[in-house]
file entry-v5.txt (compact mmCIF, C-alpha atoms)
# COMPACT_ATOMS: atom_id res chain seq x y z
CA MET A 990 -45.38 -36.34 6.56
CA LYS A 991 -45.60 -35.27 10.21
CA ARG A 992 -43.03 -37.94 11.17
CA LEU A 993 -40.57 -36.57 8.56
CA THR A 994 -41.03 -33.02 9.89
CA PHE A 995 -40.32 -34.25 13.42
CA LYS A 996 -37.10 -35.95 12.33
CA ILE A 997 -35.89 -32.84 10.53
CA CYS A 998 -36.62 -30.63 13.56
CA LEU A 999 -34.85 -33.09 15.86
CA LEU A 1000 -31.80 -33.11 13.61
CA ILE A 1001 -31.68 -29.31 13.58
CA LEU A 1002 -31.99 -29.26 17.39
CA ILE A 1003 -29.16 -31.78 17.85
CA THR A 1004 -26.94 -29.86 15.44
CA SER A 1005 -27.68 -26.57 17.18
CA VAL A 1006 -26.81 -28.04 20.59
CA SER A 1007 -23.56 -29.46 19.20
CA VAL A 1008 -22.52 -26.11 17.74
CA PHE A 1009 -23.49 -24.27 20.93
CA ALA A 1010 -21.45 -26.71 23.03
CA GLN A 1011 -18.34 -25.68 21.11
CA LYS A 1012 -18.62 -22.03 22.17
CA LYS A 1013 -17.44 -21.23 25.69
CA THR A 1014 -17.66 -17.98 27.62
CA VAL A 1015 -14.33 -17.10 29.20
CA TYR A 1016 -15.25 -13.77 30.75
CA SER A 1017 -18.03 -11.19 30.63
CA GLU A 1018 -18.14 -7.99 32.68
CA SER A 1019 -19.17 -4.33 32.42
CA PHE A 1020 -18.35 -1.22 34.44
CA SER A 1021 -19.90 2.24 34.44
CA VAL A 1022 -17.17 4.89 34.13
CA ASN A 1023 -16.69 8.65 33.84
CA LYS A 1024 -14.09 11.06 32.45
CA ASN A 1025 -11.97 10.72 35.59
CA THR A 1026 -11.75 6.94 35.41
CA THR A 1027 -8.30 5.55 34.65
CA VAL A 1028 -7.93 2.25 32.80
CA ILE A 1029 -5.02 -0.15 32.45
CA PHE A 1030 -4.86 -3.43 30.51
CA ASN A 1031 -2.14 -5.95 31.37
CA LEU A 1032 -2.04 -8.50 28.55
CA ASP A 1033 0.19 -11.56 28.27
CA ASN A 1034 -0.15 -14.04 25.38
CA ILE A 1035 -3.60 -12.60 24.69
CA THR A 1036 -5.38 -11.36 21.55
CA VAL A 1037 -7.90 -8.53 21.93
CA ALA A 1038 -10.01 -6.32 19.67
CA ILE A 1039 -10.90 -2.86 21.00
CA GLU A 1040 -13.97 -0.94 19.88
CA GLU A 1041 -15.76 2.22 20.99
CA SER A 1042 -18.44 1.94 23.66
CA ARG A 1043 -21.33 4.37 23.25
CA ASP A 1044 -23.19 3.79 26.49
CA GLY A 1045 -20.66 5.16 29.01
CA LYS A 1046 -19.52 1.69 30.10
CA ILE A 1047 -16.50 -0.53 29.59
CA HIS A 1048 -17.51 -3.95 28.30
CA PHE A 1049 -15.35 -7.08 28.44
CA ASP A 1050 -16.67 -10.01 26.40
CA TYR A 1051 -14.45 -13.02 25.83
CA THR A 1052 -15.52 -16.30 24.22
CA LEU A 1053 -13.61 -19.21 22.74
CA GLU A 1054 -15.02 -21.16 19.82
CA PHE A 1055 -13.79 -24.72 19.29
CA ASP A 1056 -13.93 -26.98 16.22
CA GLY A 1057 -12.81 -30.60 16.59
CA TYR A 1058 -11.95 -30.43 20.31
CA SER A 1059 -13.11 -32.88 22.96
CA LYS A 1060 -14.66 -31.62 26.20
CA LYS A 1061 -11.44 -32.44 28.05
CA GLU A 1062 -9.33 -30.54 25.51
CA MET A 1063 -11.64 -27.53 25.66
CA GLN A 1064 -11.48 -27.44 29.44
CA LYS A 1065 -7.68 -27.66 29.35
CA ASN A 1066 -7.54 -24.54 27.16
CA LEU A 1067 -9.99 -22.72 29.40
CA ASP A 1068 -7.93 -23.61 32.48
CA GLU A 1069 -4.84 -22.00 30.91
CA LEU A 1070 -6.61 -18.63 30.78
CA LYS A 1071 -6.74 -16.13 33.61
CA VAL A 1072 -8.94 -13.10 32.90
CA LYS A 1073 -10.21 -10.68 35.49
CA ALA A 1074 -11.19 -7.00 35.50
CA THR A 1075 -11.59 -5.06 38.73
CA MET A 1076 -12.75 -1.56 39.57
CA PHE A 1077 -11.51 0.22 42.68
CA ASP A 1078 -11.46 3.93 43.54
CA ASN A 1079 -12.50 4.86 39.96
CA HIS A 1080 -9.68 2.83 38.44
CA VAL A 1081 -10.27 -0.18 36.18
CA THR A 1082 -7.57 -2.84 35.82
CA LEU A 1083 -7.73 -5.79 33.46
CA VAL A 1084 -5.33 -8.68 33.93
CA ALA A 1085 -5.50 -11.23 31.11
CA ASN A 1086 -2.93 -13.92 30.50
CA SER A 1087 -2.59 -17.34 28.96
CA THR A 1088 -0.09 -20.13 29.56
CA SER A 1089 0.37 -20.54 25.80
CA GLN A 1090 0.27 -17.85 23.14
CA LEU A 1091 -3.20 -17.28 21.70
CA SER A 1092 -3.76 -15.77 18.27
CA ALA A 1093 -7.07 -14.76 16.76
CA VAL A 1094 -7.28 -18.27 15.29
CA ASN A 1095 -5.19 -21.23 16.49
CA TYR A 1096 -4.74 -24.44 14.49
CA VAL A 1097 -3.64 -27.92 15.50
CA TYR A 1098 -2.92 -30.16 12.49
CA SER A 1099 -3.12 -33.95 12.26
CA VAL A 1100 -1.86 -34.30 8.68
CA ASN A 1101 1.36 -35.94 7.49
CA GLU A 1102 2.67 -32.90 5.63
CA LEU A 1103 1.67 -29.30 4.96
CA VAL A 1104 2.60 -27.73 1.63
CA ILE A 1105 2.63 -23.95 1.22
CA GLU A 1106 0.48 -22.93 -1.74
CA ASP A 1107 0.57 -19.16 -1.37
CA ASP A 1108 2.85 -17.80 1.31
CA ILE A 1109 1.67 -14.20 1.65
CA PHE A 1110 4.51 -13.38 4.00
CA SER A 1111 7.38 -14.29 1.67
CA LYS A 1112 6.51 -12.26 -1.40
CA SER A 1113 9.43 -10.24 -2.60
CA ARG A 1114 9.12 -6.47 -2.50
CA ASP A 1115 10.63 -4.19 -5.08
CA SER A 1116 11.76 -1.21 -3.04
CA ILE A 1117 12.13 1.04 -6.11
CA VAL A 1118 8.40 1.02 -6.82
CA ARG A 1119 6.36 3.77 -5.21
CA LYS A 1120 3.32 2.69 -3.26
CA SER A 1121 0.29 4.91 -2.82
CA ARG A 1122 -1.11 5.84 0.58
CA ASP A 1123 -4.24 3.83 -0.23
CA SER A 1124 -2.09 0.82 -1.10
CA ILE A 1125 -0.47 0.92 2.34
CA ILE A 1126 -3.90 1.27 3.98
CA ARG A 1127 -5.12 -1.81 2.09
CA GLU A 1128 -2.16 -3.76 3.43
CA VAL A 1129 -2.98 -2.64 6.98
CA ARG A 1130 -6.62 -3.65 6.55
CA SER A 1131 -5.74 -7.04 5.04
CA HIS A 1132 -3.88 -7.83 8.26
CA GLY A 1133 -6.67 -6.51 10.46
CA ARG A 1134 -9.33 -8.72 8.90
CA PHE A 1135 -7.74 -11.88 10.34
CA GLY A 1136 -9.08 -10.84 13.76
CA LYS A 1137 -12.61 -11.31 12.42
CA PHE A 1138 -11.91 -14.32 10.18
CA THR A 1139 -14.68 -16.89 10.37
CA ASN A 1140 -14.18 -19.33 7.47
CA SER A 1141 -10.91 -20.75 8.76
CA LEU A 1142 -10.79 -23.78 6.47
CA LYS A 1143 -11.15 -21.55 3.42
CA TYR A 1144 -8.35 -19.37 4.78
CA LEU A 1145 -6.11 -22.43 5.26
CA ASN A 1146 -6.82 -23.94 1.87
CA ASN A 1147 -6.00 -20.67 0.13
CA ARG A 1148 -2.46 -21.02 1.52
CA PHE A 1149 -1.79 -24.67 2.36
CA LYS A 1150 -2.45 -28.13 1.04
CA THR A 1151 -1.77 -31.51 2.58
CA ARG A 1152 0.08 -34.32 0.81
CA ASP A 1153 -1.41 -37.81 0.95
CA LYS A 1154 0.68 -40.99 1.20
CA ASP A 1155 0.44 -41.39 -2.57
CA GLY A 1156 2.08 -37.96 -3.01
CA LYS A 1157 -1.04 -36.14 -4.24
CA LEU A 1158 -2.05 -32.75 -2.88
CA ARG A 1159 -5.53 -32.20 -1.51
CA ASN A 1160 -7.43 -29.62 0.52
CA ILE A 1161 -7.36 -29.74 4.30
CA ARG A 1162 -10.57 -31.29 5.64
CA ASN A 1163 -12.48 -30.79 8.87
CA GLY A 1164 -10.99 -33.93 10.38
CA ASP A 1165 -7.42 -32.81 9.62
CA VAL A 1166 -7.33 -29.79 11.88
CA LYS A 1167 -8.60 -28.53 15.20
CA ILE A 1168 -9.51 -24.85 15.23
CA MET A 1169 -9.83 -22.54 18.21
CA ARG A 1170 -11.07 -18.97 17.62
CA ASN A 1171 -10.50 -16.18 20.11
CA HIS A 1172 -13.20 -13.53 20.39
CA PHE A 1173 -12.06 -11.09 23.06
CA VAL A 1174 -13.80 -7.78 22.39
CA ILE A 1175 -13.35 -4.81 24.71
CA LYS A 1176 -15.52 -1.73 24.29
CA ILE A 1177 -14.27 1.50 25.85
CA PRO A 1178 -15.77 5.02 25.80
CA SER A 1179 -13.80 7.54 23.75
CA PHE A 1180 -13.36 9.95 26.67
CA LEU A 1181 -11.14 7.59 28.70
CA LYS A 1182 -7.37 7.44 28.95
CA LEU A 1183 -6.12 3.92 28.33
CA LYS A 1184 -2.80 2.33 29.23
CA ILE A 1185 -1.86 -1.02 27.66
CA ASN A 1186 1.04 -3.19 28.85
CA GLY A 1187 1.44 -6.14 26.50
CA LYS A 1188 3.77 -9.12 26.21
CA ASN A 1189 3.28 -11.44 23.25
CA ALA A 1190 -0.05 -9.65 22.86
CA GLN A 1191 -2.01 -9.04 19.67
CA VAL A 1192 -4.06 -5.85 19.80
CA THR A 1193 -6.43 -4.59 17.11
CA MET A 1194 -8.17 -1.19 17.23
CA ARG A 1195 -11.18 -1.72 14.97
CA GLU A 1196 -12.25 1.93 14.73
CA ASN A 1197 -10.63 5.34 14.48
CA THR A 1198 -9.53 6.09 18.03
CA ILE A 1199 -9.43 9.47 19.78
CA ASN A 1200 -8.66 8.04 23.23
CA GLU A 1201 -5.40 9.11 24.80
CA LEU A 1202 -3.30 5.93 24.60
CA SER A 1203 -0.17 4.90 26.45
CA VAL A 1204 1.06 1.61 25.00
CA GLU A 1205 4.10 -0.52 25.73
CA LEU A 1206 4.16 -3.73 23.71
CA LYS A 1207 6.93 -6.32 23.74
CA ARG A 1208 6.46 -8.90 20.99
CA GLY A 1209 3.17 -9.50 19.20
CA TYR A 1210 1.44 -6.89 17.05
CA PHE A 1211 -0.53 -3.67 17.26
CA ASN A 1212 -2.92 -3.11 14.37
CA ALA A 1213 -5.09 0.03 14.17
CA LYS A 1214 -7.18 2.28 12.05
CA GLU A 1215 -6.38 5.97 12.62
CA LEU A 1216 -4.95 6.98 16.00
CA LEU A 1217 -5.94 10.58 16.69
CA ASN A 1218 -4.57 12.08 19.87
CA ASP A 1219 -1.73 14.56 20.48
CA TYR A 1220 -0.83 12.88 23.78
CA ASN A 1221 -0.43 9.30 22.56
CA VAL A 1222 2.78 7.63 23.75
CA PHE A 1223 3.80 4.31 22.19
CA LYS A 1224 6.76 2.03 22.78
CA ILE A 1225 6.79 -0.99 20.44
CA ILE A 1226 9.58 -3.54 20.96
CA ASP A 1227 10.25 -6.68 18.87
CA ALA A 1228 6.72 -6.45 17.50
CA SER A 1229 4.72 -5.52 14.40
CA PHE A 1230 3.01 -2.13 14.14
CA LYS A 1231 0.43 -1.21 11.52
CA SER A 1232 -1.89 1.79 11.38
CA GLU A 1233 -3.95 3.49 8.70
CA GLY A 1234 -2.83 6.86 10.04
CA LEU A 1235 -1.20 8.63 12.98
CA VAL A 1236 -2.21 12.14 13.99
CA GLY A 1237 -0.35 13.48 17.02
CA GLY A 1238 1.71 11.69 19.62
CA SER A 1239 5.17 10.21 19.99
CA TYR A 1240 6.14 6.72 18.88
CA GLU A 1241 9.19 4.69 19.80
CA PHE A 1242 9.97 1.69 17.59
CA ASN A 1243 12.65 -0.81 18.56
CA ASN A 1244 13.24 -3.78 16.25
CA VAL A 1245 9.88 -3.43 14.50
CA SER A 1246 10.15 -5.81 11.52
CA GLN A 1247 6.75 -5.03 9.98
CA GLY A 1248 5.98 -1.33 10.21
CA LEU A 1249 3.18 -0.04 7.97
CA ILE A 1250 1.71 3.45 8.39
CA GLY A 1251 -0.77 4.96 5.95
CA SER A 1252 0.01 8.59 6.83
CA ILE A 1253 1.60 10.63 9.62
CA ARG A 1254 0.88 14.15 10.82
CA ASP A 1255 2.17 16.07 13.83
CA VAL A 1256 4.08 12.98 14.95
CA LYS A 1257 7.51 12.40 16.47
CA ILE A 1258 9.11 9.02 15.82
CA THR A 1259 12.20 7.60 17.50
CA SER A 1260 13.37 4.29 16.09
CA GLU A 1261 16.17 1.77 15.88
CA PHE A 1262 16.72 -1.53 14.06
CA SER A 1263 13.28 -1.32 12.41
CA LYS A 1264 11.68 -1.50 8.95
CA ILE A 1265 8.91 1.02 8.40
CA GLU A 1266 6.92 2.04 5.32
CA ILE A 1267 5.05 5.35 5.33
CA GLY A 1268 2.40 5.97 2.68
CA GLU A 1269 2.24 9.76 3.05
CA ILE A 1270 4.14 12.28 5.17
CA GLN A 1271 2.04 15.25 6.20
CA GLU A 1272 2.78 18.34 8.28
CA LYS A 1273 4.91 18.70 11.44
CA THR A 1274 6.66 15.35 11.35
CA SER A 1275 10.15 14.39 12.51
CA ILE A 1276 12.07 11.12 12.80
CA THR A 1277 15.18 10.31 14.82
CA ASP A 1278 16.63 6.94 13.87
CA PHE A 1279 19.49 4.54 14.37
CA ASN A 1280 20.16 1.68 11.95
CA SER A 1281 16.64 1.31 10.54
CA GLU A 1282 15.24 1.08 7.01
CA TYR A 1283 12.50 3.51 5.91
CA TRP A 1284 10.34 3.97 2.83
CA PHE A 1285 9.03 7.54 2.36
CA TYR A 1286 6.56 7.05 -0.51
CA ASN A 1287 4.49 10.23 -0.79
CA TRP A 1288 4.21 13.76 0.59
CA GLY A 1289 1.15 15.78 1.53
CA LYS A 1290 0.27 19.00 -0.22
CA ASN A 1291 1.23 20.98 2.91
CA PHE A 1292 3.82 18.90 4.76
CA LYS A 1293 5.58 22.20 5.63
CA ARG A 1294 8.75 20.73 7.16
CA PHE A 1295 10.11 17.26 7.61
CA ASP A 1296 13.27 16.51 9.61
CA LEU A 1297 15.23 13.27 9.66
CA LEU A 1298 18.14 12.87 12.05
CA SER A 1299 19.73 9.48 11.64
CA GLU A 1300 22.78 7.29 11.88
CA TYR A 1301 23.42 4.04 9.98
CA SER A 1302 19.98 4.33 8.37
CA LYS A 1303 18.85 3.14 4.96
CA ILE A 1304 16.30 5.49 3.38
CA HIS A 1305 14.17 4.91 0.27
CA PHE A 1306 13.17 8.46 -0.59
CA PHE A 1307 10.57 9.23 -3.26
CA TYR A 1308 10.37 12.79 -4.59
CA PRO A 1309 7.26 14.85 -3.82
CA GLU A 1310 5.04 15.17 -6.86
CA THR A 1311 3.19 18.08 -8.44
CA TYR A 1312 4.02 20.74 -5.85
CA ASP A 1313 7.14 22.83 -5.26
CA PHE A 1314 9.46 21.95 -2.38
CA SER A 1315 12.99 22.46 -1.06
CA MET A 1316 15.39 19.71 -0.02
CA LYS A 1317 18.70 19.59 1.80
CA PHE A 1318 20.77 16.52 2.70
CA ILE A 1319 23.78 16.92 4.96
CA GLY A 1320 25.91 14.06 6.16
CA ASN A 1321 29.17 12.32 6.75
CA ASN A 1322 30.23 8.92 5.41
CA THR A 1323 26.89 8.61 3.64
CA VAL A 1324 26.04 7.43 0.13
CA ASN A 1325 23.22 8.88 -1.97
CA HIS A 1326 22.15 6.68 -4.90
CA PHE A 1327 20.18 8.46 -7.61
CA ASP A 1328 19.46 6.40 -10.73
CA ASN A 1329 22.95 5.42 -11.96
CA VAL A 1330 24.74 8.16 -10.02
CA SER A 1331 26.17 7.79 -6.51
CA VAL A 1332 27.38 10.62 -4.31
CA THR A 1333 29.52 9.64 -1.33
CA MET A 1334 30.54 11.87 1.55
CA GLN A 1335 33.76 10.36 2.88
CA PRO A 1336 34.27 10.12 6.64
CA THR A 1337 36.17 12.97 8.28
CA LYS A 1338 38.44 12.81 11.30
CA ASN A 1339 36.44 15.33 13.27
CA GLY A 1340 33.03 14.08 12.11
CA GLU A 1341 32.24 17.30 10.25
CA LYS A 1342 29.13 17.17 8.07
CA PHE A 1343 28.83 18.50 4.53
CA ASN A 1344 26.08 19.32 2.07
CA MET A 1345 25.38 16.26 -0.04
CA VAL A 1346 22.34 17.47 -1.96
CA GLU A 1347 20.53 20.78 -1.98
CA ARG A 1348 17.47 21.68 -3.98
CA LYS A 1349 16.02 25.12 -3.64
CA ALA A 1350 12.35 25.83 -4.22
CA LYS A 1351 11.60 26.93 -7.75
CA GLY A 1352 9.22 29.62 -6.61
CA GLU A 1353 6.54 28.37 -8.99
CA GLY A 1354 3.05 27.26 -7.97
CA HIS A 1355 2.20 25.89 -4.53
CA PHE A 1356 5.07 25.40 -2.06
CA SER A 1357 4.55 22.25 0.00
CA GLY A 1358 7.48 22.40 2.41
CA ALA A 1359 11.12 21.72 3.21
CA ILE A 1360 12.75 18.29 3.52
CA ASN A 1361 15.86 18.08 5.71
CA PHE A 1362 18.03 15.00 6.15
CA ASP A 1363 20.90 14.93 8.63
CA ILE A 1364 22.34 11.46 8.14
CA VAL A 1365 25.64 9.90 9.20
CA HIS A 1366 26.99 6.50 8.04
CA GLY A 1367 23.83 5.97 6.01
CA ILE A 1368 22.50 5.12 2.57
CA ILE A 1369 19.85 7.10 0.67
CA TYR A 1370 18.10 5.70 -2.38
CA THR A 1371 16.54 8.70 -4.11
CA VAL A 1372 13.75 7.90 -6.56
CA ASN A 1373 12.23 10.41 -8.97
CA ASP A 1374 9.84 8.00 -10.63
CA THR A 1375 6.67 7.97 -12.66
CA PHE A 1376 3.90 7.16 -10.22
CA ILE A 1377 3.19 3.45 -10.30
CA ILE A 1378 0.84 1.52 -8.01
CA PRO A 1379 2.05 -2.07 -7.75
CA LYS A 1380 -0.40 -4.90 -8.31
CA GLU A 1381 -1.92 -6.16 -5.10
call {"tool": "encode", "arguments": {"input": "entry-v5.txt", "output": "structure tokens"}}
result
Amino acid sequence: MKRLTFKICLLILITSVSVFAQKKTVYSESFSVNKNTTVIFNLDNITVAIEESRDGKIHFDYTLEFDGYSKKEMQKNLDELKVKATMFDNHVTLVANSTSQLSAVNYVYSVNELVIEDDIFSKSRDSIVRKSRDSIIREVRSHGRFGKFTNSLKYLNNRFKTRDKDGKLRNIRNGDVKIMRNHFVIKIPSFLKLKINGKNAQVTMRENTINELSVELKRGYFNAKELLNDYNVFKIIDASFKSEGLVGGSYEFNNVSQGLIGSIRDVKITSEFSKIEIGEIQEKTSITDFNSEYWFYNWGKNFKRFDLLSEYSKIHFFYPETYDFSMKFIGNNTVNHFDNVSVTMQPTKNGEKFNMVERKAKGEGHFSGAINFDIVHGIIYTVNDTFIIPKE
């Protein structure tokens, strides 16, 4: 009996050592900071998750976890990473880059053929169906969870299968794929100003954030819970942007193909060539756009005033519900589709704009606000629907 116990303990020890050997520390550092400390992150081909630090320090903790890699292959991946944070004259600078693009989880397959079982990125979307604010937030969160995904094989097999030589489909096995997980967590106190310069970077804010943020991201994605600062300045180019809510700040979107925002309040947006869905528009919000597509699903009880100034835009506009409001659309060479009726403002030689639609407040019950569209060469799809939450 003692010999059996010894063998079991030895097996557990060997297994533990093997698992530990697959986890490598890339970088670990901490700095004590104060309210006057300035911070800048320069990220290239890097994936990071940012959380709040509650001890007055900035913490950088980066590990890579390998499944199915040899020691030589692991070292090769480590050698492609350059990560270093420095502090000088009360200024912290992080430089983090990789030779190849690193996602939260990277896969290398050794199977003959992959078959898509459930492609979550190709599902068709019916633009005439209103989505709730909570529905948009769930979509944002479903993307954010990939940064913490641990059961990678389960994730793969929910979406892909492999085809054997006999033509039969089967699940992907451990031996079919090499998996590398990135765990780069940065903790930063909420009183600091943070500037992020990213190229092909994937940034996730895991908590509601009150830090003053200055972000310029070219390619990659920025995924966040609520961003709560009047002085936030964002410039997102050729990237994805998703947030549960924006309160304050100015946001510039250029060629954002996946824009999801749960709600906006006291926000100024400038955009072009983008696709953006907004779950709920609240007070003091304005958008200036060129050639983008927007979905305005819901309106807050006190949105007060909303202004859209646009050219060549496509707008899916859903009527406010329950509360009283006013609405005025002016434009030139713009089409407004409402159910089976279309109103077209023909182009004029001098570019003069005309009233397309005007709805005055009824003066009954609570008045929520005024909606103003100034749109040239655009298309408006106006929906006055029964509230429907699509199946997830």
call {"tool": "residues_around", "arguments": {"input": "entry-v5.txt", "residues": "region 1272-1283 of chain A", "least_positions_apart": "3", "cutoff": "9 Å", "atoms": "all atoms listed in the file", "output": "JSON, numbers by chain"}}
result
{"A": [1244, 1253, 1254, 1255, 1256, 1257, 1258, 1259, 1260, 1261, 1262, 1263, 1264, 1265, 1266, 1267, 1289, 1290, 1291, 1292, 1293, 1294, 1295, 1296, 1297, 1298, 1299, 1300, 1301, 1302, 1303, 1304, 1305, 1306, 1358, 1367]}
call {"tool": "residues_near_point", "arguments": {"input": "entry-v5.txt", "point": "(-6.9, -22.7, 19.3)", "cutoff": "9 Å", "atoms": "only C-alpha atoms", "output": "PyMOL selection string"}}
result
chain A and resi 1053-1056+1066+1091-1097+1167-1171
call {"tool": "write_last_selection", "arguments": {"input": "entry-v5.txt", "atoms": "C-alpha atoms", "output": "PDB file, keeping the file's coordinate frame"}}
result
ATOM      1  CA  LEU A1053     -13.610 -19.210  22.740  1.00  0.00           C
ATOM      2  CA  GLU A1054     -15.020 -21.160  19.820  1.00  0.00           C
ATOM      3  CA  PHE A1055     -13.790 -24.720  19.290  1.00  0.00           C
ATOM      4  CA  ASP A1056     -13.930 -26.980  16.220  1.00  0.00           C
ATOM      5  CA  ASN A1066      -7.540 -24.540  27.160  1.00  0.00           C
ATOM      6  CA  LEU A1091      -3.200 -17.280  21.700  1.00  0.00           C
ATOM      7  CA  SER A1092      -3.760 -15.770  18.270  1.00  0.00           C
ATOM      8  CA  ALA A1093      -7.070 -14.760  16.760  1.00  0.00           C
ATOM      9  CA  VAL A1094      -7.280 -18.270  15.290  1.00  0.00           C
ATOM     10  CA  ASN A1095      -5.190 -21.230  16.490  1.00  0.00           C
ATOM     11  CA  TYR A1096      -4.740 -24.440  14.490  1.00  0.00           C
ATOM     12  CA  VAL A1097      -3.640 -27.920  15.500  1.00  0.00           C
ATOM     13  CA  LYS A1167      -8.600 -28.530  15.200  1.00  0.00           C
ATOM     14  CA  ILE A1168      -9.510 -24.850  15.230  1.00  0.00           C
ATOM     15  CA  MET A1169      -9.830 -22.540  18.210  1.00  0.00           C
ATOM     16  CA  ARG A1170     -11.070 -18.970  17.620  1.00  0.00           C
ATOM     17  CA  ASN A1171     -10.500 -16.180  20.110  1.00  0.00           C
TER      18      ASN A1171
END
call {"tool": "atom_distance", "arguments": {"input": "entry-v5.txt", "atom1": "CA of Arg1043 (chain A)", "atom2": "CA of Ile1177 (chain A)"}}
result
8.1 Å
call {"tool": "atom_distance", "arguments": {"input": "entry-v5.txt", "atom1": "CA of Trp1284 (chain A)", "atom2": "CA of Gly1268 (chain A)"}}
result
8.2 Å
call {"tool": "atom_distance", "arguments": {"input": "entry-v5.txt", "atom1": "CA of Ile1199 (chain A)", "atom2": "CA of Asn1212 (chain A)"}}
result
15.2 Å
call {"tool": "residues_around", "arguments": {"input": "entry-v5.txt", "residues": "Gln1090 (chain A)", "least_positions_apart": "2", "cutoff": "8 Å", "atoms": "only C-alpha atoms", "output": "PyMOL selection string"}}
result
chain A and resi 1034-1035+1087-1088+1092+1189
call {"tool": "closest_residue", "arguments": {"input": "entry-v5.txt", "among": "A:Val1015, A:Met1076, A:Val1245, A:Leu1217", "to": "Phe1230 (chain A)", "atoms": "all atoms listed in the file"}}
result
A:Val1245
call {"tool": "residues_around", "arguments": {"input": "entry-v5.txt", "residues": "Glu1041 (chain A)", "least_positions_apart": "5", "cutoff": "7 Å", "atoms": "all atoms listed in the file", "output": "list in words"}}
result
Lys1176, Ile1177, Pro1178 and Ser1179 of chain A
call {"tool": "closest_atom_pairs", "arguments": {"input": "entry-v5.txt", "of": "region 1011-1058 of chain A", "to": "region 1213-1216 of chain A", "cutoff": "12 Å", "atoms": "only C-alpha atoms", "output": "tab-separated table"}}
result
residue	atom	partner	partner_atom	distance
A:Val1037	CA	A:Ala1213	CA	11.9
A:Ala1038	CA	A:Ala1213	CA	9.7
A:Ile1039	CA	A:Ala1213	CA	9.4
A:Glu1040	CA	A:Ala1213	CA	10.6
call {"tool": "write_last_selection", "arguments": {"input": "entry-v5.txt", "atoms": "C-alpha atoms", "output": "compact mmCIF listing (two decimals), keeping the file's coordinate frame"}}
result
# COMPACT_ATOMS: atom_id res chain seq x y z
CA VAL A 1037 -7.90 -8.53 21.93
CA ALA A 1038 -10.01 -6.32 19.67
CA ILE A 1039 -10.90 -2.86 21.00
CA GLU A 1040 -13.97 -0.94 19.88
call {"tool": "decode", "arguments": {"input": "entry-v5.txt", "residues": "region 1233-1266 of chain A", "atoms": "C-alpha atoms", "output": "short mmCIF file (atom, residue, chain, number, x, y, z; two decimals), in the first residue's frame"}}
result
data_model
loop_
_atom_site.label_atom_id
_atom_site.label_comp_id
_atom_site.auth_asym_id
_atom_site.auth_seq_id
_atom_site.Cartn_x
_atom_site.Cartn_y
_atom_site.Cartn_z
CA GLU A 1233 -20.38 48.86 -22.48
CA GLY A 1234 -20.74 52.62 -22.13
CA LEU A 1235 -19.08 55.96 -22.81
CA VAL A 1236 -19.51 58.91 -20.46
CA GLY A 1237 -17.60 62.02 -21.51
CA GLY A 1238 -14.79 62.46 -23.97
CA SER A 1239 -14.30 62.70 -27.71
CA TYR A 1240 -13.95 59.71 -30.02
CA GLU A 1241 -12.68 59.58 -33.58
CA PHE A 1242 -13.50 56.43 -35.56
CA ASN A 1243 -11.93 55.80 -38.96
CA ASN A 1244 -12.82 52.58 -40.76
CA VAL A 1245 -14.10 50.85 -37.62
CA SER A 1246 -15.80 47.69 -38.94
CA GLN A 1247 -17.05 46.40 -35.58
CA GLY A 1248 -18.31 49.24 -33.42
CA LEU A 1249 -20.49 48.28 -30.45
CA ILE A 1250 -21.39 50.78 -27.72
CA GLY A 1251 -23.89 50.03 -24.96
CA SER A 1252 -24.73 53.68 -24.22
CA ILE A 1253 -23.30 57.16 -24.76
CA ARG A 1254 -23.61 60.30 -22.66
CA ASP A 1255 -21.90 63.67 -22.96
CA VAL A 1256 -19.84 62.34 -25.88
CA LYS A 1257 -18.68 63.80 -29.18
CA ILE A 1258 -18.06 61.34 -32.00
CA THR A 1259 -16.36 62.05 -35.32
CA SER A 1260 -16.39 59.16 -37.75
CA GLU A 1261 -15.88 58.04 -41.32
CA PHE A 1262 -16.20 54.74 -43.20
CA SER A 1263 -17.31 52.91 -40.03
CA LYS A 1264 -20.12 50.66 -38.79
CA ILE A 1265 -21.31 51.46 -35.29
CA GLU A 1266 -24.24 50.20 -33.20
#
